[in-house]
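Asks: Pasting in a structure now, in structure tokens, and then I'll have a few things to ask.
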Amino acid sequence: MSEEFYTVAQAADRLKLHVKTILRHIRDGRLPATRIGKSYRLLRQDIVAFAGGERAVDGEPQPIHVTSIVEISALSDKQADRLATMLHASLMGRSNRFERIQCHTAYDPSQALLKIVLIATPADMAALLTSIQTMADALG
């Protein structure tokens with residue numbers, strides 16, 4: 001399967017939006033993109049889906065996705081930062097990049113609570129939750 005990629009400028013032109021608007025949508029997580037060096041690349045199918053078009057390509061079935069929220073309490077800000085960094089680094093180093101995993105972290109220092117929001121396929125989610133447990137145990 002060959003994927004068609006667009007630059008931010010090409011996506012902006014196709015969607016009739018300003019480049020800064022596209023970048024804001026990427027940073028807000030509303031428009032999926034892959035960072036390569038200092039720039040982003042967007043899949044054609046993600047641009048079409050963002051514009052309200054069909055998500056399915058060539059009649060392929062779309063994978064099932066699971067959303068999980070993980071809360072880890074009693075962490076210092078340094079421990080939370082380290083755990084979030086390890087998690088994001090492990091996701092960037094994945095060998096199977098066909099299925100995109102979304103990961104967002106937020107730390108509340110007043111409650112010493114790290115929240116992790118994950119969106120992935122069921123198989124990826126199971127592996128992620130095991131990894132998070134292992135990372136949290138290593139900090140403890």
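The way I read the labels, and the way they are meant: chains A, B, ... in the order of the structure tokens, residue 1 as the first residue of every chain, and ligand 1 as the first ligand shown, with later ones counted on from there.
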Write out as a list in words the residues lying within 6 Å of range 40-54 of chain A, counting only C-alpha atoms and excluding same-chain residues fewer than 3 positions away.
Replies: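 Those residues are Glu4, Phe5, Tyr6, Thr7, Ala33, Thr34, Arg35 and Ile36 of chain A.
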Asks: From a backbone DSSP assignment, name each residue in range 8-120 of chain A labelled strand (DSSP E or B), as JSON, numbers by chain.
Replies: {"A": [34, 35, 36, 39, 40, 41, 42, 43, 66, 67, 68, 69, 70, 71, 72, 73, 102, 103, 104, 105, 106, 107, 108, 113, 114, 115, 116, 117, 118, 119, 120]}
Asks: Pick the closest to Ala136 in chain A from A:His18, A:His104, A:His88, A:Arg82: which is it, counting only C-alpha atoms?
Replies: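 Under the stated criterion, the closest residue is A:Arg82.
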Asks: For Lys115 in chain A, which residue out of A:Ser68, A:Thr134, A:Ser90, A:Thr85 is the nearest one, using only C-alpha atoms?
Replies: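 Among A:Ser68, A:Thr134, A:Ser90, A:Thr85, it is A:Ser68 that comes nearest to Lys115 in chain A.
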Asks: Determine which residues of range 38-115 of chain A receive a DSSP assignment of helix (DSSP H, G or I), computed from the backbone, and state them as a list in words.
Replies: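 Taking range 38-115 of chain A and keeping helix (DSSP H, G or I) only, one gets Arg44, Gln45, Asp46, Ile47, Val48, Ala49, Phe50, Asp77, Lys78, Gln79, Ala80, Asp81, Arg82, Leu83, Ala84, Thr85, Met86, Leu87, His88, Ala89, Ser90, Leu91 and Met92 of chain A.
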Asks: What is the CA of Ala89 in chain A-CA of Gly140 in chain A distance in Å, reported with one decimal?
Replies: 19.6 Å
Asks: Excluding same-chain residues fewer than 2 positions from Gln111 in chain A, what lies within 9 Å of it counting only C-alpha atoms, as JSON, numbers by chain?
Replies: {"A": [73, 74, 75, 107, 108, 109, 113, 114]}
Asks: Write to file, as a compact mmCIF listing (two decimals), in the first residue's frame, the residues of the selection just made, with N, CA and C atoms.
Replies:
```txt
# COMPACT_ATOMS: atom_id res chain seq x y z
N SER A 73 -0.88 8.57 40.55
CA SER A 73 -0.81 9.57 41.62
C SER A 73 0.49 9.45 42.40
N ALA A 74 0.70 10.40 43.28
CA ALA A 74 1.86 10.46 44.17
C ALA A 74 3.17 10.54 43.39
N LEU A 75 3.18 11.34 42.32
CA LEU A 75 4.40 11.54 41.55
C LEU A 75 4.89 12.97 41.71
N TYR A 107 0.06 16.89 33.79
CA TYR A 107 0.43 16.72 35.20
C TYR A 107 -0.19 17.83 36.03
N ASP A 108 -0.84 17.45 37.13
CA ASP A 108 -1.43 18.41 38.06
C ASP A 108 -0.59 18.41 39.33
N PRO A 109 0.27 19.44 39.50
CA PRO A 109 1.16 19.45 40.67
C PRO A 109 0.42 19.58 42.00
N LEU A 113 -0.60 14.37 40.37
CA LEU A 113 -1.31 13.39 39.55
C LEU A 113 -0.93 13.56 38.08
N LEU A 114 -0.51 12.47 37.46
CA LEU A 114 -0.23 12.45 36.03
C LEU A 114 -1.37 11.74 35.34
```
Asks: A:Ile116, A:Pro32, A:His65, A:Ser76: which is nearest Ile132 in chain A, counting only C-alpha atoms?
Replies: A:Ile116
Asks: Using only C-alpha atoms, pick whichever of A:Ala80, A:Pro63, A:Glu71, A:Ser131 has the shortest atom-to-atom distance to Arg100 in chain A.
Replies: A:Pro63
